[in-house]
Every structure is written in C-alpha cells, then in structure tokens.
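Student: So that we are looking at the same thing, I have put the structure below in structure tokens.
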Number of protein chains: 2
Amino acid sequence: MRLIATAPLALAVSQAKGLGFLGAGTDSSTVFKLLNDTLVTNQASPISNVPPGILPVGIGFICWGADLKEALSVISDAPLKPAAAWLFAPQESSDLSSWSEGIRIASEGRTKIWIQVGTVANCLEIAKSCSPDVLVIQGSDAGGHGLAQSSSVVSLFPECFDALQKEGYGHIPLIATGGIVDGRGVAAALSLGASGVCLGTRFLASPEAVISQGYRDAVIKASDGGVTTARTTVYDRLRGTIGWPSIYNGRGILNQSFWDYIKGMGEDENRKLYEEAIQQGDSGWGDSGRMTTYAGTGVGLIREVKPASEIVEEVRKDAKSHLVAASSRFHD
Amino acid sequence: MRLIATAPLALAVSQAKGLGFLGAGTDSSTVFKLLNDTLVTNQASPISNVPPGILPVGIGFICWGADLKEALSVISDAPLKPAAAWLFAPQESSDLSSWSEGIRIASEGRTKIWIQVGTVANCLEIAKSCSPDVLVIQGSDAGGHGLAQSSSVVSLFPECFDALQKEGYGHIPLIATGGIVDGRGVAAALSLGASGVCLGTRFLASPEAVISQGYRDAVIKASDGGVTTARTTVYDRLRGTIGWPSIYNGRGILNQSFWDYIKGMGEDENRKLYEEAIQQGDSGWGDSGRMTTYAGTGVGLIREVKPASEIVEEVRKDAKSHLVAASSRFHD
C-alpha cells in the first residue's frame, strides 16, 4: 500500500480500534511527510487511550528500496514514535537485523518491530535473528508484492505457528494476511491461530485510500479473483519499477498489458501502450485498460466503497458472528 | 487419490462418521472392483445407521478419462449404490450434465452428485446446469490435480458462497478443500461458511492409503509446503499421463525431476532418469528422488502416520476446540 495508505487511511483504521499503517514504500523520502501529516491530523482529532510518546499508527518499509539511515533519522527526530514499523522485502534477509536494531534505538524502544514473512524457514530465521515483536505471515492470495512461490495462509499459517512453538518462539504474536477481506476471512484466520489479521486490498475500496477513481472502480468491478488476478513481474517491468529481489512478484488484476505479454508482445511495445494508457485517466484502468491494479484474490468479495472505520467495525462484528455460528455446529 | 483411496481408506473414514471416497480415477475399469471390495468388507463389519440400498462410501471419477457408459453400467448393476459420486475434470464442462443425469438414473436416485469446481464462474455454471447435491470448492493449495490458476479457499470459498446465494442456489451444501489437513484448517473452512471439508493429502499418511512406503515417507518428511511443492505439468509428462484438459496441472513435492526440468534438461532424458528411478523402490522418492509425489501445501503439517479413523476423530475434535478458542476472544 505504498503511498496508498497515508494519514487518513491509517488514522481511520486506528480510530476504529485497528492499527493503521502508513505505506512508506521503496524510498524513505516520504517518511517525514507521512509521519508529520499523521501527527498534525491526530492533534486535531486525537485517538484516545494512546500511550504517551506514541503516534497511533504504524509505518511500513519496503526495505530493499528504503534508506535505513534516513528512516532512522526521521524516526529519531519524530516527537511521537510510530507504534510499529512493518519491515518487508530486504535485499538480504540478514539486513532485517540492522533495521530492527536501528528502529528500536531511534524510537527509544517505543516502535514495535513487525516483520513480514512468507515461508516457514524465513519465519524461523527472523524469529531467531531479529526478536520481532510481531510476525506477519503473508499467504499467496495477497495483492501487490509478495513471494512468487508460497502457499496460502490456510496451510502456511499453522505450519509457521507450529514451527515457532517448537523452537521456543511461541510468544511472538502472529498476524495472518493474504486473501482476507471480510469477517469470514478474519474468522478463518483466528481459527488458524492468528492473533490478528491484516487487510490490504479491502481498504482500496475506502475513500481514504490514495488511488485514482479508475483503480477503485476496477477493484469494485473485479470478480472471480483466483482467475482475474495473477502473480507476475510484468506490471513492474512495464512501469519501470526495478529493484525488487527476484523472489518477489506482485499480484494484480489482469488487464491488456498482461494479456499482450502472454500473447508474446515485446516489452518495448507493451510499455509504450502502457505509457499511452497513463494519459487516458480513469479509463486506463479495468480489464480493457493497462494501468497496474495490484489487488489480492479476495477482490471479488469487495462490492462497495466504505469508510475505512466502517470496514474495520463491520469485519470485526462479522468475524465474531461467523465464529459463533461455526462453533455452534458442534454438539456433544 | 486415484487408486490410493480404496475400500480400506474409504470405509475407515465413513466408520469414523466422515464420508470416505473411493478414487476411481481416469478410467472406469476399476469401478466394479472398488465398489465390490467395499461391499464385501462392509458386509464383514458393517457401518451402522446406513440407509437401505446405500453403500456407505462415495466414489470419485476423473471424468475426462472415465467411460461414462461403463461407470453407469457398474452402478446400475451394483446391489448397493455408492452414497455419492464425485465428479471432476470433464473434457468439457457441459459433459457433467450427462454424468449427473446418468448416475441419478443408474442409481435410482440413491447416489448423490458431488461436483468439484475451482472458480466462481464454473461454480455458478454447474449449479445451474447439473443441480448438484453438493459442490466441492477446491483452492490452489490442494495436492494432485486442480486448476493451474486459482485462489485458495480463503477467498474462493466465500466468493462462491455469495455468488450461489445471490443466484438462488444457496441451498447447495458447499465443501471446502485444498490445504486443509488438521483441526485448524477445518475450523477455518467452517468459519468461511463451509458445510464440510475434504482432506486428501492428510490421508496419504494413513496405513490405509495405497501408496508405497517411499511416497508416505516423503509426505512425512516434507516441510514448508508452500515452497517445497508446486503446481506443474512436468510430473504428468514424465510419467506419460496424457489427457488432462489444459486448464489443469498437479501439485507435487519438488524433487530431482522438477529441478532438472527447471534447469532445462530435455524431456526424453528426464523421462529416462524417471524410469530408472522406478527401479529403485522406496529410495526413488524424496527430494533427491524422482518419483512423483502429489501432495498439497499442507504437507508440512503432517508429521506422523495415523489410522484414517483417528485422523477423522482428531480433526473433528480439534476443529471444535479451535473454534471455541477463537470465538472466546470476542468480548462485548
């Protein structure tokens, strides 16, 4: 949600008793503005019961592209420290130690370290090397960037859970993400043992998400997410996004860029058509468009735009009722 | 589970109050033997409370490879009709009408029609054209054959559920499958709205599954199923299994056949090495082996061989406790 999740979205989620995250993305230059905007907005209408010294949102870093020193400098100077830093996609897995340690020092221990993983092996490695406060387990259904090769949370989550328990890391809270968009997905994740869940794609259909109307319309319109989205690197290549380590790709809604790529169109020609589509405004999106529309497989479950706080409240309420209904099916 | 799930496995599952299925597979020549063996075994130690005229197991058909006439003839002649027929992978989706109608007539309405789907569109199409008694929603984590392109049950299941409700097919019970191996997966599926679940891979680690020790050992040994299994057609090609419609491939544990294919080894050479591995017995399996080991992403959650009836009982008990634990986390 790089630069899609900014102060309004993150604060709306936290206001509804979730924890909203800012998406700083592949470069750290935006970190100051994201944190400062959040600070100013929150001063005007403060979220209650926030511990002193804490900004009531987290901030996510795409570590391979972000400048650690710059990020630490901004966090160090910030009057309120972000409640959490979400670390994802380092150039090398070992880079996460410097990120974790650096942020702990810069935030005087106030910023919790959340680290996103997508395999059991990486989950264990990070638990051992970084002492994360939270691990985020991302399954294959997730929208945008994630591992090119992985399973869904259905099997990945419990296998990570068991592996951490076995190795003495059972105290780390685990968040499930990937394909979860409504109360049913949340209920399922909690049944798998999750301490919480992260929704990304769902919030694209909130007015707070910083995306064009064309993108938002494409999210609402999409259905059958397992066949109308795919994991691919083609969208990054056409947009000139370079630098993602090769184990990652991104899941997006299939459109003409993808189909032309599949039919064998050369990348130069495809990129030229993509650049022309940029000029078309909102009509450049959709299945007959070419604009990149990163979204998870759960996109077909999203049918209306709703304020982010209502999404959080609805999802929480529905998760409870689905769990109660499912557990009532067992009689002894 | 073609010819892996035979009378002992199917009956053990039904004995434990699940519904076991025989795997007739790509040809119908085995149908008589599978049903007859089940009849004989069940006569020796009958499952209680089975309605008259019903054999207390289902039977699965891989429709593109099975001879409909032959299947109908066997069902028609059978003194007890299988409780259900599970239809999967027709050459054309429209073939399922003939299968559904034919089996209903041959079984005098005693065999329920279960149809497996993997997209929302196919789910709706089949609901309309075949009036299935049950729809099985298979997600991308499933082992063996399934759609090359799909999402996991996390998003696929609720989207199918909603689409069926909306179109007036909300009365059809839905079974979730793909990546579900233990009580947590079952609890998650029920939270998503499933009437029940189907476990495949998990039963590979039962003594009743008709597989070699090498295959069973590979299932127990595998971990990190999202990266140590993959969907591919290479295993079918090396084994000379031809005929699967092109929308399908199979998920198996990665082994030397796969890695050599990725490295660019020609298919003739790879097949020769595969055929040599057949001669090696149980050591031909495993990550340094070459024997095909179809399994789902949940394979890493399977750590011991257990009788099928114990698996059913354990999974049912654990599902309940996970649902109760998850729902107890909500307080008003």
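Just remember, in the structure tokens the first chain shown is A, the second B, etc., residues are 1-based per chain, and ligands are 1-based in the order shown.
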Provide as a VMD selection string the residues of chain B at most 6 Å from chain A, counting only C-alpha atoms.

Tutor: chain B and resid 120 149 to 151 154 to 155 159 179 184 187 to 188 190 to 192 224 226 to 227 298 301 322 to 324 326 to 327

Student: Give me, as a PyMOL selection string, the residues of region 55-254 of chain B that a backbone DSSP run labels strand (DSSP E or B).

Tutor: chain B and resi 55-62+81-88+112-117+134-138+144-147+174-177+196-198+229-232+248-253

Student: For the selection just defined, write its residues with N, CA and C atoms to a file, as a short mmCIF file (atom, residue, chain, number, x, y, z; two decimals), in the first residue's frame.

Tutor:
data_model
loop_
_atom_site.label_atom_id
_atom_site.label_comp_id
_atom_site.auth_asym_id
_atom_site.auth_seq_id
_atom_site.Cartn_x
_atom_site.Cartn_y
_atom_site.Cartn_z
N LEU B 55 -24.36 -47.98 -0.23
CA LEU B 55 -23.00 -48.34 0.18
C LEU B 55 -22.43 -47.10 0.88
N PRO B 56 -21.90 -47.26 2.10
CA PRO B 56 -21.58 -46.05 2.89
C PRO B 56 -20.28 -45.35 2.51
N VAL B 57 -20.00 -45.28 1.23
CA VAL B 57 -18.85 -44.50 0.74
C VAL B 57 -19.26 -43.86 -0.58
N GLY B 58 -18.51 -42.84 -0.96
CA GLY B 58 -18.68 -42.25 -2.28
C GLY B 58 -17.61 -42.79 -3.23
N ILE B 59 -17.72 -42.39 -4.50
CA ILE B 59 -16.70 -42.77 -5.46
C ILE B 59 -16.42 -41.58 -6.38
N GLY B 60 -15.12 -41.32 -6.59
CA GLY B 60 -14.72 -40.17 -7.39
C GLY B 60 -14.34 -40.56 -8.80
N PHE B 61 -14.80 -39.77 -9.76
CA PHE B 61 -14.47 -40.00 -11.17
C PHE B 61 -13.70 -38.82 -11.75
N ILE B 62 -12.61 -39.10 -12.44
CA ILE B 62 -11.92 -38.08 -13.23
C ILE B 62 -12.57 -38.18 -14.61
N LYS B 81 -25.88 -48.88 -3.88
CA LYS B 81 -25.37 -47.77 -4.68
C LYS B 81 -24.44 -46.91 -3.82
N PRO B 82 -23.33 -46.44 -4.41
CA PRO B 82 -22.46 -45.56 -3.63
C PRO B 82 -23.25 -44.34 -3.13
N ALA B 83 -22.94 -43.92 -1.91
CA ALA B 83 -23.66 -42.80 -1.31
C ALA B 83 -23.52 -41.53 -2.14
N ALA B 84 -22.39 -41.40 -2.81
CA ALA B 84 -22.14 -40.18 -3.60
C ALA B 84 -21.20 -40.49 -4.75
N ALA B 85 -21.34 -39.73 -5.83
CA ALA B 85 -20.35 -39.76 -6.92
C ALA B 85 -19.75 -38.37 -7.00
N TRP B 86 -18.44 -38.31 -6.99
CA TRP B 86 -17.71 -37.04 -7.01
C TRP B 86 -17.18 -36.86 -8.42
N LEU B 87 -17.65 -35.84 -9.10
CA LEU B 87 -17.29 -35.63 -10.50
C LEU B 87 -16.30 -34.48 -10.63
N PHE B 88 -15.25 -34.74 -11.40
CA PHE B 88 -14.16 -33.76 -11.51
C PHE B 88 -13.55 -33.83 -12.90
N LYS B 112 -25.82 -39.47 -4.47
CA LYS B 112 -25.81 -38.01 -4.52
C LYS B 112 -24.70 -37.54 -5.46
N ILE B 113 -24.96 -36.42 -6.13
CA ILE B 113 -23.99 -35.90 -7.09
C ILE B 113 -23.17 -34.77 -6.46
N TRP B 114 -21.88 -35.04 -6.31
CA TRP B 114 -20.94 -34.03 -5.80
C TRP B 114 -20.11 -33.57 -7.00
N ILE B 115 -19.99 -32.28 -7.19
CA ILE B 115 -19.18 -31.79 -8.31
C ILE B 115 -18.13 -30.81 -7.81
N GLN B 116 -16.90 -31.05 -8.26
CA GLN B 116 -15.78 -30.23 -7.81
C GLN B 116 -15.54 -29.08 -8.78
N VAL B 117 -15.40 -27.88 -8.23
CA VAL B 117 -15.14 -26.69 -9.04
C VAL B 117 -14.00 -25.88 -8.42
N VAL B 134 -24.15 -31.49 -3.96
CA VAL B 134 -23.05 -30.88 -3.20
C VAL B 134 -22.07 -30.27 -4.20
N LEU B 135 -21.52 -29.11 -3.87
CA LEU B 135 -20.41 -28.56 -4.66
C LEU B 135 -19.15 -28.58 -3.80
N VAL B 136 -18.07 -29.05 -4.38
CA VAL B 136 -16.78 -29.07 -3.68
C VAL B 136 -15.94 -27.94 -4.25
N ILE B 137 -15.54 -27.01 -3.38
CA ILE B 137 -14.79 -25.83 -3.81
C ILE B 137 -13.31 -26.10 -3.51
N GLN B 138 -12.53 -26.31 -4.59
CA GLN B 138 -11.12 -26.64 -4.40
C GLN B 138 -10.23 -25.42 -4.56
N GLY B 144 -2.09 -32.84 -5.89
CA GLY B 144 -2.56 -33.52 -7.09
C GLY B 144 -3.21 -32.54 -8.04
N HIS B 145 -4.16 -33.04 -8.82
CA HIS B 145 -4.70 -32.22 -9.90
C HIS B 145 -5.76 -31.22 -9.46
N GLY B 146 -5.71 -30.09 -10.10
CA GLY B 146 -6.65 -29.00 -9.87
C GLY B 146 -6.35 -27.94 -10.90
N LEU B 147 -7.06 -26.84 -10.81
CA LEU B 147 -6.84 -25.76 -11.79
C LEU B 147 -5.42 -25.20 -11.68
N LEU B 174 -21.86 -26.72 0.54
CA LEU B 174 -20.55 -26.50 -0.04
C LEU B 174 -19.46 -27.11 0.84
N ILE B 175 -18.57 -27.84 0.18
CA ILE B 175 -17.44 -28.48 0.85
C ILE B 175 -16.17 -27.73 0.44
N ALA B 176 -15.33 -27.41 1.42
CA ALA B 176 -14.06 -26.73 1.11
C ALA B 176 -12.93 -27.75 1.06
N THR B 177 -12.03 -27.57 0.10
CA THR B 177 -10.86 -28.46 0.04
C THR B 177 -9.67 -27.71 -0.54
N GLY B 196 -18.85 -28.56 5.14
CA GLY B 196 -17.92 -29.62 5.48
C GLY B 196 -16.63 -29.40 4.74
N VAL B 197 -15.68 -30.30 4.95
CA VAL B 197 -14.37 -30.17 4.30
C VAL B 197 -13.97 -31.51 3.71
N CYS B 198 -13.05 -31.46 2.77
CA CYS B 198 -12.45 -32.69 2.27
C CYS B 198 -10.96 -32.65 2.49
N THR B 229 6.48 -27.66 -2.53
CA THR B 229 5.56 -28.22 -3.52
C THR B 229 5.33 -27.15 -4.58
N ALA B 230 4.86 -27.55 -5.73
CA ALA B 230 4.48 -26.57 -6.76
C ALA B 230 3.46 -27.20 -7.69
N ARG B 231 2.70 -26.35 -8.34
CA ARG B 231 1.78 -26.79 -9.39
C ARG B 231 2.57 -26.88 -10.69
N THR B 232 2.48 -27.99 -11.38
CA THR B 232 3.28 -28.20 -12.59
C THR B 232 2.65 -29.32 -13.43
N TYR B 248 -5.81 -27.77 -16.24
CA TYR B 248 -5.36 -28.44 -15.01
C TYR B 248 -3.86 -28.68 -14.99
N ASN B 249 -3.30 -28.69 -13.79
CA ASN B 249 -1.98 -29.27 -13.57
C ASN B 249 -2.02 -29.94 -12.19
N GLY B 250 -0.86 -30.35 -11.70
CA GLY B 250 -0.88 -31.07 -10.43
C GLY B 250 0.15 -30.51 -9.46
N ARG B 251 -0.21 -30.47 -8.18
CA ARG B 251 0.74 -30.02 -7.16
C ARG B 251 1.44 -31.21 -6.54
N GLY B 252 2.76 -31.20 -6.61
CA GLY B 252 3.53 -32.28 -6.02
C GLY B 252 4.75 -31.74 -5.29
N ILE B 253 5.33 -32.64 -4.49
CA ILE B 253 6.56 -32.28 -3.77
C ILE B 253 7.69 -32.17 -4.79
#

Student: Among region 80-268 of chain A, which ones does DSSP place in alpha helix (DSSP H), written as a PyMOL selection string?

Tutor: chain A and resi 95-106+120-130+153-166+183-191+201-204+213-221+225-228+234-239+256-262+267-268

Student: Check the smallest atom-to-atom distance from each of B:Ser28, B:Gln280, B:Ser100, B:Gln43 to Gly214 (chain B) using only C-alpha atoms, then report the winner.

Tutor: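 When distances to Gly214 (chain B) are compared using only C-alpha atoms, the smallest one comes from B:Gln280.
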
Student: Residues at most 12 Å from Ser48 (chain B), counting only C-alpha atoms, excluding those fewer than 2 positions away in the same chain, as a list in words?

Tutor: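 In the requested form, the answer reads Leu11, Ser14, Gln15, Ala16, Lys17, Asn42, Gln43, Ser45, Pro46, Val50, Pro51, Pro52, Ile54, Leu55 and Pro56 of chain B.
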
Student: Could the residues in this selection be saved with C-alpha atoms as a compact mmCIF listing (two decimals), in the first residue's frame?

Tutor:
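Here's the written file part-v2.txt:
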# COMPACT_ATOMS: atom_id res chain seq x y z
CA LEU B 11 -14.56 -47.33 4.86
CA SER B 14 -17.01 -43.48 6.95
CA GLN B 15 -16.66 -45.65 10.07
CA ALA B 16 -15.45 -42.53 11.89
CA LYS B 17 -18.57 -40.66 10.71
CA ASN B 42 -18.54 -53.70 4.81
CA GLN B 43 -20.58 -56.92 4.98
CA SER B 45 -18.02 -55.38 9.63
CA PRO B 46 -20.95 -53.15 8.72
CA VAL B 50 -26.69 -46.57 6.77
CA PRO B 51 -29.93 -46.12 4.81
CA PRO B 52 -31.08 -49.25 2.92
CA ILE B 54 -26.68 -47.46 0.11
CA LEU B 55 -23.00 -48.34 0.18
CA PRO B 56 -21.58 -46.05 2.89

Student: Considering only C-alpha atoms, state which residue in the set B:Ser283, B:Ser206, B:Asn270, B:Thr111 is at the smallest distance from Val312 (chain B).

Tutor: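 Ranked by minimum distance to Val312 (chain B), first place goes to B:Ser206.
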